[in-house]
Amino acid sequence: MTDRRNQQTAAVQLKQVHARIEQWRDSRTKRSRIPQDIWDDATRLGTELGVYPVARALRLDYQVLRQRVEQRVAGIGKDGCRTDGFIELSGAQLVGEARAESVVEICDKRGVRVTVRLAPQQPLDVGALVDRFLGVQAR
């Protein structure tokens, strides 16, 4: 019963996204890109209902939607960044000074990426850097 209810909800959402994309198509300037929020909704629906039915209903490029769905399922953004919130840090990066050059790379949900390269013996508060980059308020 729950699966049927989820499919019915997804079908209603598909109609809503269809209406939004048609409105965008009617009002867009020539050669403009589909807004990211519409792609996000189409990708989510493609995951739930299948790529082909969604691509066909919304008149989207099947291959592009398939790739976006695969990246969503794998938890990877279009730039290759993982979107699951995973942060990998070595112990040396957390406790202070590094003996060799250190590299800290951070990627947010929108795909914005920052890379910090530190000279040897240069301290860094990685937690504060991540909080600042992600816009987290100091605790």
# chains A, B, ... in the order shown; residues from 1 in each chain; ligands from 1
>>> residues_around(residues="Asp41 of chain A", least_positions_apart="6", cutoff="10 Å", atoms="only C-alpha atoms", output="PyMOL selection string")
chain A and resi 13-14+16-17+47
>>> write_last_selection(atoms="N, CA and C atoms", output="mmCIF file, in the first residue's frame")
data_model
loop_
_atom_site.group_PDB
_atom_site.id
_atom_site.type_symbol
_atom_site.label_atom_id
_atom_site.label_comp_id
_atom_site.auth_asym_id
_atom_site.auth_seq_id
_atom_site.Cartn_x
_atom_site.Cartn_y
_atom_site.Cartn_z
ATOM 1 N N GLN A 13 3.515 14.796 -8.326
ATOM 2 C CA GLN A 13 4.680 15.679 -8.394
ATOM 3 C C GLN A 13 5.195 15.796 -9.826
ATOM 4 N N LEU A 14 5.121 14.706 -10.588
ATOM 5 C CA LEU A 14 5.535 14.737 -11.991
ATOM 6 C C LEU A 14 4.671 15.730 -12.772
ATOM 7 N N GLN A 16 3.198 18.328 -11.536
ATOM 8 C CA GLN A 16 3.577 19.664 -11.085
ATOM 9 C C GLN A 16 4.874 20.123 -11.757
ATOM 10 N N VAL A 17 5.853 19.219 -11.843
ATOM 11 C CA VAL A 17 7.121 19.564 -12.495
ATOM 12 C C VAL A 17 6.885 19.796 -13.984
ATOM 13 N N THR A 47 14.641 8.991 -10.194
ATOM 14 C CA THR A 47 15.081 7.963 -9.251
ATOM 15 C C THR A 47 13.896 7.145 -8.773
#
>>> atom_distance(atom1="atom CA of Gln67 of chain A", atom2="atom CA of Ile106 of chain A")
23.3 Å
>>> select_by_dssp(residues="segment 7-85 of chain A", states="helix (DSSP H, G or I)", output="PyMOL selection string")
chain A and resi 7-27+36-49+51-58+62-74
>>> decode(residues="segment 99-119 of chain A", atoms="C-alpha atoms", output="PDB file, in the first residue's frame")
ATOM      1  CA  ARG A  99      55.522  18.192   8.354  1.00  0.00           C
ATOM      2  CA  ALA A 100      54.950  18.166   4.589  1.00  0.00           C
ATOM      3  CA  GLU A 101      52.688  20.244   2.345  1.00  0.00           C
ATOM      4  CA  SER A 102      49.058  19.723   3.296  1.00  0.00           C
ATOM      5  CA  VAL A 103      46.066  20.024   1.005  1.00  0.00           C
ATOM      6  CA  VAL A 104      42.529  20.557   2.273  1.00  0.00           C
ATOM      7  CA  GLU A 105      39.732  20.367  -0.295  1.00  0.00           C
ATOM      8  CA  ILE A 106      36.113  21.170   0.544  1.00  0.00           C
ATOM      9  CA  CYS A 107      33.095  20.881  -1.753  1.00  0.00           C
ATOM     10  CA  ASP A 108      29.578  22.050  -0.906  1.00  0.00           C
ATOM     11  CA  LYS A 109      26.206  20.787  -2.166  1.00  0.00           C
ATOM     12  CA  ARG A 110      26.168  23.270  -5.053  1.00  0.00           C
ATOM     13  CA  GLY A 111      29.510  21.976  -6.295  1.00  0.00           C
ATOM     14  CA  VAL A 112      31.507  24.983  -5.113  1.00  0.00           C
ATOM     15  CA  ARG A 113      34.968  23.752  -4.294  1.00  0.00           C
ATOM     16  CA  VAL A 114      37.828  25.316  -2.339  1.00  0.00           C
ATOM     17  CA  THR A 115      41.341  23.904  -2.155  1.00  0.00           C
ATOM     18  CA  VAL A 116      43.806  25.128   0.459  1.00  0.00           C
ATOM     19  CA  ARG A 117      47.489  24.226   0.120  1.00  0.00           C
ATOM     20  CA  LEU A 118      49.568  24.755   3.241  1.00  0.00           C
ATOM     21  CA  ALA A 119      53.314  25.045   3.493  1.00  0.00           C
TER      22      ALA A 119
END
